[in-house]
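Following: one structure in structure tokens, then a few remarks.
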Amino acid sequence: MAQESDNLPPLREIIAEHGLAAQKQLGQNFLLDLNLTGRIARTAGDLSQTTVIEVGPGPGGLTRAILAAGVKHMVAVERDPRCIKALNSYLCPAYSTQLEIIEGDALKQDFASLAPAPRRIMSNLPYNIATPLLIGWLKNVQDFEGFTLMFQKEVADRIVAKPRTKAYGRLSIMCQWLCEVRLEFNIDKRAFTPPPKVQSTVVTLNTRPEPLAPATWDSMEKVVAAAFGQRRKMLRQSLKSLKLNPAEVGLLPTARAEELSVQDFAKLARLFEAQKS
Ligand code: SAM
């Protein structure tokens, strides 16, 4: 394990001193290896002009790596009051001008109001709420320059999946429509305290200046949900409930959802919008 390079107490000491036994219901799997937290922080590139919002700083492993990497400003949202107390005792005094800690539920936060743009969200996410959090951010994606996030590997694989693969589905399309996505690296479960049941992967999502193809969020979501709700069915069947005929936008009615590109889904979403109005 790397030496603490920021002259702050070792994370294990913080955990022992504040009695931060991991709570399963809060998805607490702490990363204490500073080589790894440093690597995640570096993945985001130059942060000197960026505000980072972190979900779930826990005892502060990733938080201090991001601060040590020279972030302009950082806001961390944590639900566990024990962690808030620990962070206030050792990390806030060391970075008093850069770091702000907020006690609260990330699922209820208005993230854009927390800090000025450009904003990047970085987190070793609590896996039980990782997908709803990501979907919430994507709905307001222009508020963020991007995201550096750790997911369980299976979710990361879905985010970057290409058409005609098993992992390709709703999450792949909504993410790739709005962001350039990249798998960074895997992290073995043994690196966490306590180890989770699953492997983990760091993913970068950088917000596209414009979505890959025009469509509204609601129409895109409806069309993609209908098509993948009956994944093995042909489009003419799966899109019946939305009264959509794929042939009208040049798509084969006999094709299946997993064969369509993001642009194809946007065509269907625009057809859906046109039929509604
Ligand atoms: N960042 C730390 C690390 O890498 O060691 C902790 C990561 S741990 C996987 C997830 C963190 O999210 C925990 O500190 C947990 O208390 C916090 N958390 C869980 N649910 C939350 C919520 N709804 N809002 C804010 N934080 C939450």
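Going by the structure tokens order, chains are called A, B, ..., each with residues numbered from 1, while ligands are numbered from 1 in the order shown.
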
For chain A versus ligand 1, which residues have an atom no more than 6 Å away, and what is each residue's nearest atom pair and distance in Å rounded to one decimal, using only C-alpha atoms and all ligand atoms, chain-then-number order, as CSV?
```
residue,atom,partner,partner_atom_place_in_ligand_line,distance
A:Leu26,CA,ligand 1,19 (C),4.1
A:Gly27,CA,ligand 1,10 (C),5.3
A:Gln28,CA,ligand 1,8 (S),4.1
A:Asn29,CA,ligand 1,9 (C),4.4
A:Phe30,CA,ligand 1,5 (O),3.3
A:Leu31,CA,ligand 1,5 (O),3.8
A:Val55,CA,ligand 1,26 (N),5.5
A:Gly56,CA,ligand 1,12 (O),3.2
A:Pro57,CA,ligand 1,1 (N),3.8
A:Gly58,CA,ligand 1,14 (O),3.2
A:Gly60,CA,ligand 1,2 (C),5.9
A:Gly61,CA,ligand 1,5 (O),5.2
A:Leu62,CA,ligand 1,4 (O),5.2
A:Val77,CA,ligand 1,25 (C),5.4
A:Glu78,CA,ligand 1,26 (N),3.9
A:Arg79,CA,ligand 1,25 (C),4.2
A:Asp80,CA,ligand 1,16 (O),4.8
A:Gly104,CA,ligand 1,24 (N),5.9
A:Asp105,CA,ligand 1,24 (N),3.7
A:Ala106,CA,ligand 1,24 (N),3.7
A:Leu107,CA,ligand 1,23 (N),5.5
A:Asn124,CA,ligand 1,4 (O),4.9
A:Leu125,CA,ligand 1,9 (C),5.1
A:Pro126,CA,ligand 1,10 (C),4.1
```

> Within 9 Å of segment 187-192 of chain A, counting only C-alpha atoms, which residues qualify if same-chain residues fewer than 3 places away don't, as number ranges by chain?
Replying inline: A: 29-33, 36, 153, 195-202

>> Please list as JSON, numbers by chain every residue within 9 Å of Met122 of chain A, counting only C-alpha atoms and excluding residues in the same chain fewer than 2 positions away.
In response: {"A": [40, 41, 44, 52, 53, 54, 55, 62, 66, 120, 124, 125, 146, 147, 148, 149, 150]}

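Distance annotation: of A:Gly229, A:Pro246, A:Gly45, A:Pro10, the residue with the minimal separation from Asn206 of chain A is A:Gly45; atom set is only C-alpha atoms.
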
> Running DSSP on the backbone, which parts of segment 207-256 of chain A land in alpha helix (DSSP H), as an NGL selection string?
Replying inline: :A and (217-229 or 235-238)

>> With only C-alpha atoms as the counted atoms, please give the residues lying no more than 12 Å from Ala68 of chain A, apart from itself and same-chain residues fewer than 6 positions off, as a ChimeraX atom specification.
In response: /A:4-8,34,37-39,41-42,46-48,60-62,74,91,94-95,98-99

How would the residues just chosen look if you wrote them out with N, CA, C and O atoms as an mmCIF file, in the first residue's frame?
```
data_model
loop_
_atom_site.group_PDB
_atom_site.id
_atom_site.type_symbol
_atom_site.label_atom_id
_atom_site.label_comp_id
_atom_site.auth_asym_id
_atom_site.auth_seq_id
_atom_site.Cartn_x
_atom_site.Cartn_y
_atom_site.Cartn_z
ATOM 1 N N GLU A 4 1.085 7.503 2.822
ATOM 2 C CA GLU A 4 0.252 8.703 2.771
ATOM 3 C C GLU A 4 1.168 9.839 2.337
ATOM 4 O O GLU A 4 2.139 10.145 3.014
ATOM 5 N N SER A 5 0.857 10.482 1.199
ATOM 6 C CA SER A 5 1.763 11.496 0.669
ATOM 7 C C SER A 5 1.306 12.899 1.063
ATOM 8 O O SER A 5 1.970 13.867 0.775
ATOM 9 N N ASP A 6 0.138 13.009 1.758
ATOM 10 C CA ASP A 6 -0.388 14.336 2.059
ATOM 11 C C ASP A 6 -0.218 14.701 3.533
ATOM 12 O O ASP A 6 -0.836 15.627 4.020
ATOM 13 N N ASN A 7 0.621 13.936 4.230
ATOM 14 C CA ASN A 7 0.892 14.210 5.651
ATOM 15 C C ASN A 7 -0.353 14.150 6.530
ATOM 16 O O ASN A 7 -0.377 14.725 7.610
ATOM 17 N N LEU A 8 -1.383 13.488 6.072
ATOM 18 C CA LEU A 8 -2.600 13.314 6.870
ATOM 19 C C LEU A 8 -2.546 11.925 7.521
ATOM 20 O O LEU A 8 -1.815 11.051 7.050
ATOM 21 N N LEU A 34 -3.936 4.033 -1.446
ATOM 22 C CA LEU A 34 -3.739 5.361 -2.045
ATOM 23 C C LEU A 34 -3.180 5.300 -3.461
ATOM 24 O O LEU A 34 -3.280 6.267 -4.212
ATOM 25 N N THR A 37 -6.625 5.177 -5.261
ATOM 26 C CA THR A 37 -7.388 6.431 -5.225
ATOM 27 C C THR A 37 -6.655 7.497 -6.053
ATOM 28 O O THR A 37 -7.286 8.268 -6.776
ATOM 29 N N GLY A 38 -5.333 7.490 -5.986
ATOM 30 C CA GLY A 38 -4.543 8.434 -6.804
ATOM 31 C C GLY A 38 -4.747 8.170 -8.290
ATOM 32 O O GLY A 38 -4.882 9.089 -9.090
ATOM 33 N N ARG A 39 -4.804 6.892 -8.648
ATOM 34 C CA ARG A 39 -5.001 6.540 -10.066
ATOM 35 C C ARG A 39 -6.373 6.996 -10.569
ATOM 36 O O ARG A 39 -6.507 7.506 -11.677
ATOM 37 N N ALA A 41 -8.107 9.508 -9.339
ATOM 38 C CA ALA A 41 -8.075 10.980 -9.419
ATOM 39 C C ALA A 41 -7.366 11.418 -10.708
ATOM 40 O O ALA A 41 -7.846 12.319 -11.405
ATOM 41 N N ARG A 42 -6.263 10.759 -11.059
ATOM 42 C CA ARG A 42 -5.502 11.151 -12.270
ATOM 43 C C ARG A 42 -6.278 10.873 -13.549
ATOM 44 O O ARG A 42 -6.082 11.536 -14.569
ATOM 45 N N ASP A 46 -6.586 17.163 -15.786
ATOM 46 C CA ASP A 46 -6.332 18.421 -15.076
ATOM 47 C C ASP A 46 -7.629 18.927 -14.429
ATOM 48 O O ASP A 46 -8.603 19.194 -15.132
ATOM 49 N N LEU A 47 -7.623 19.063 -13.120
ATOM 50 C CA LEU A 47 -8.830 19.509 -12.406
ATOM 51 C C LEU A 47 -8.677 20.927 -11.866
ATOM 52 O O LEU A 47 -9.518 21.390 -11.092
ATOM 53 N N SER A 48 -7.617 21.626 -12.287
ATOM 54 C CA SER A 48 -7.299 22.914 -11.654
ATOM 55 C C SER A 48 -8.338 23.997 -11.957
ATOM 56 O O SER A 48 -8.390 25.002 -11.269
ATOM 57 N N GLY A 60 -12.796 9.302 3.300
ATOM 58 C CA GLY A 60 -12.089 10.364 2.573
ATOM 59 C C GLY A 60 -10.943 9.913 1.675
ATOM 60 O O GLY A 60 -10.158 10.749 1.229
ATOM 61 N N GLY A 61 -10.848 8.625 1.380
ATOM 62 C CA GLY A 61 -9.724 8.133 0.563
ATOM 63 C C GLY A 61 -9.657 8.792 -0.805
ATOM 64 O O GLY A 61 -8.640 9.403 -1.174
ATOM 65 N N LEU A 62 -10.759 8.714 -1.558
ATOM 66 C CA LEU A 62 -10.764 9.312 -2.899
ATOM 67 C C LEU A 62 -10.762 10.842 -2.798
ATOM 68 O O LEU A 62 -10.115 11.533 -3.583
ATOM 69 N N MET A 74 -14.037 21.557 -4.283
ATOM 70 C CA MET A 74 -14.654 20.239 -4.158
ATOM 71 C C MET A 74 -15.814 20.281 -3.176
ATOM 72 O O MET A 74 -15.692 20.860 -2.090
ATOM 73 N N LEU A 91 -9.993 16.308 7.546
ATOM 74 C CA LEU A 91 -9.746 16.689 6.145
ATOM 75 C C LEU A 91 -10.124 18.150 5.876
ATOM 76 O O LEU A 91 -9.413 18.851 5.147
ATOM 77 N N ALA A 94 -7.454 20.650 6.814
ATOM 78 C CA ALA A 94 -6.273 20.611 5.935
ATOM 79 C C ALA A 94 -6.552 21.286 4.590
ATOM 80 O O ALA A 94 -5.623 21.747 3.922
ATOM 81 N N TYR A 95 -7.804 21.298 4.171
ATOM 82 C CA TYR A 95 -8.160 21.884 2.860
ATOM 83 C C TYR A 95 -9.302 22.883 3.047
ATOM 84 O O TYR A 95 -10.314 22.826 2.349
ATOM 85 N N GLN A 98 -10.715 24.762 -0.008
ATOM 86 C CA GLN A 98 -11.164 24.019 -1.203
ATOM 87 C C GLN A 98 -12.332 23.076 -0.972
ATOM 88 O O GLN A 98 -13.083 22.782 -1.889
ATOM 89 N N LEU A 99 -12.439 22.559 0.260
ATOM 90 C CA LEU A 99 -13.371 21.439 0.480
ATOM 91 C C LEU A 99 -14.603 21.853 1.266
ATOM 92 O O LEU A 99 -14.512 22.511 2.299
#
```

>> As an exercise, work out the distance from atom CA of Asn140 of chain A to atom CA of Leu171 of chain A in Å and give it to one decimal place.
In response: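 Calculated distance between atom CA of Asn140 of chain A and atom CA of Leu171 of chain A is 15.5 Å.
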
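Distance check against Gln49 of chain A using only C-alpha atoms: of A:Pro214, A:Pro93, A:Pro9, A:Pro118, the minimum falls on A:Pro118.
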
>> Please compute the atom CA of Lys267 of chain A-atom CA of Ala225 of chain A distance, one decimal, in Å.
In response: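 Computed distance, atom CA of Lys267 of chain A to atom CA of Ala225 of chain A, equals 14.8 Å.
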
> Neighbours of Lys166 of chain A within 9 Å (only C-alpha atoms; same-chain residues fewer than 5 positions away dropped), as a PyMOL selection string?
Replying inline: chain A and resi 158+161+258

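For the residues A:Ala76, A:Pro116, A:Ala213, A:Cys179, ranking by smallest atom-to-atom distance to Lys139 of chain A using only C-alpha atoms places A:Cys179 first.
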
Sorted by chain and rising residue number, which residues of segment 153-222 of chain A lie within 6 Å of segment 268-275 of chain A, and what are their closest atom pairs and distances in Å to one decimal, counting only C-alpha atoms, as a tab-separated table?
```
residue	atom	partner	partner_atom	distance
A:Ala215	CA	A:Arg270	CA	5.7
A:Ser219	CA	A:Ala269	CA	5.0
A:Met220	CA	A:Ala269	CA	5.0
```

Once you have the residues from the selection above, write them out as a compact mmCIF listing (two decimals), in the first residue's frame, restricted to C-alpha atoms.
```txt
# COMPACT_ATOMS: atom_id res chain seq x y z
CA ALA A 215 -34.47 13.77 -29.68
CA SER A 219 -39.29 10.15 -26.17
CA MET A 220 -35.90 8.50 -26.27
```

> Which neighbours of segment 262-266 of chain A fall inside 10 Å, counting only C-alpha atoms, when residues of the same chain fewer than 6 positions from it are skipped, and could you give them as a list in words?
Replying inline: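 In the requested format, the answer is Lys162, Pro163, Ser172, Ile173, Met174, Cys175, Gln176, Trp177, Leu178, Pro211, Leu212, Ala213, Pro214, Ala215, Thr216, Trp217, Ser219, Met220, Glu221, Val223, Val224, Ala227, Pro246, Val249, Gly250, Leu251 and Phe272 of chain A.
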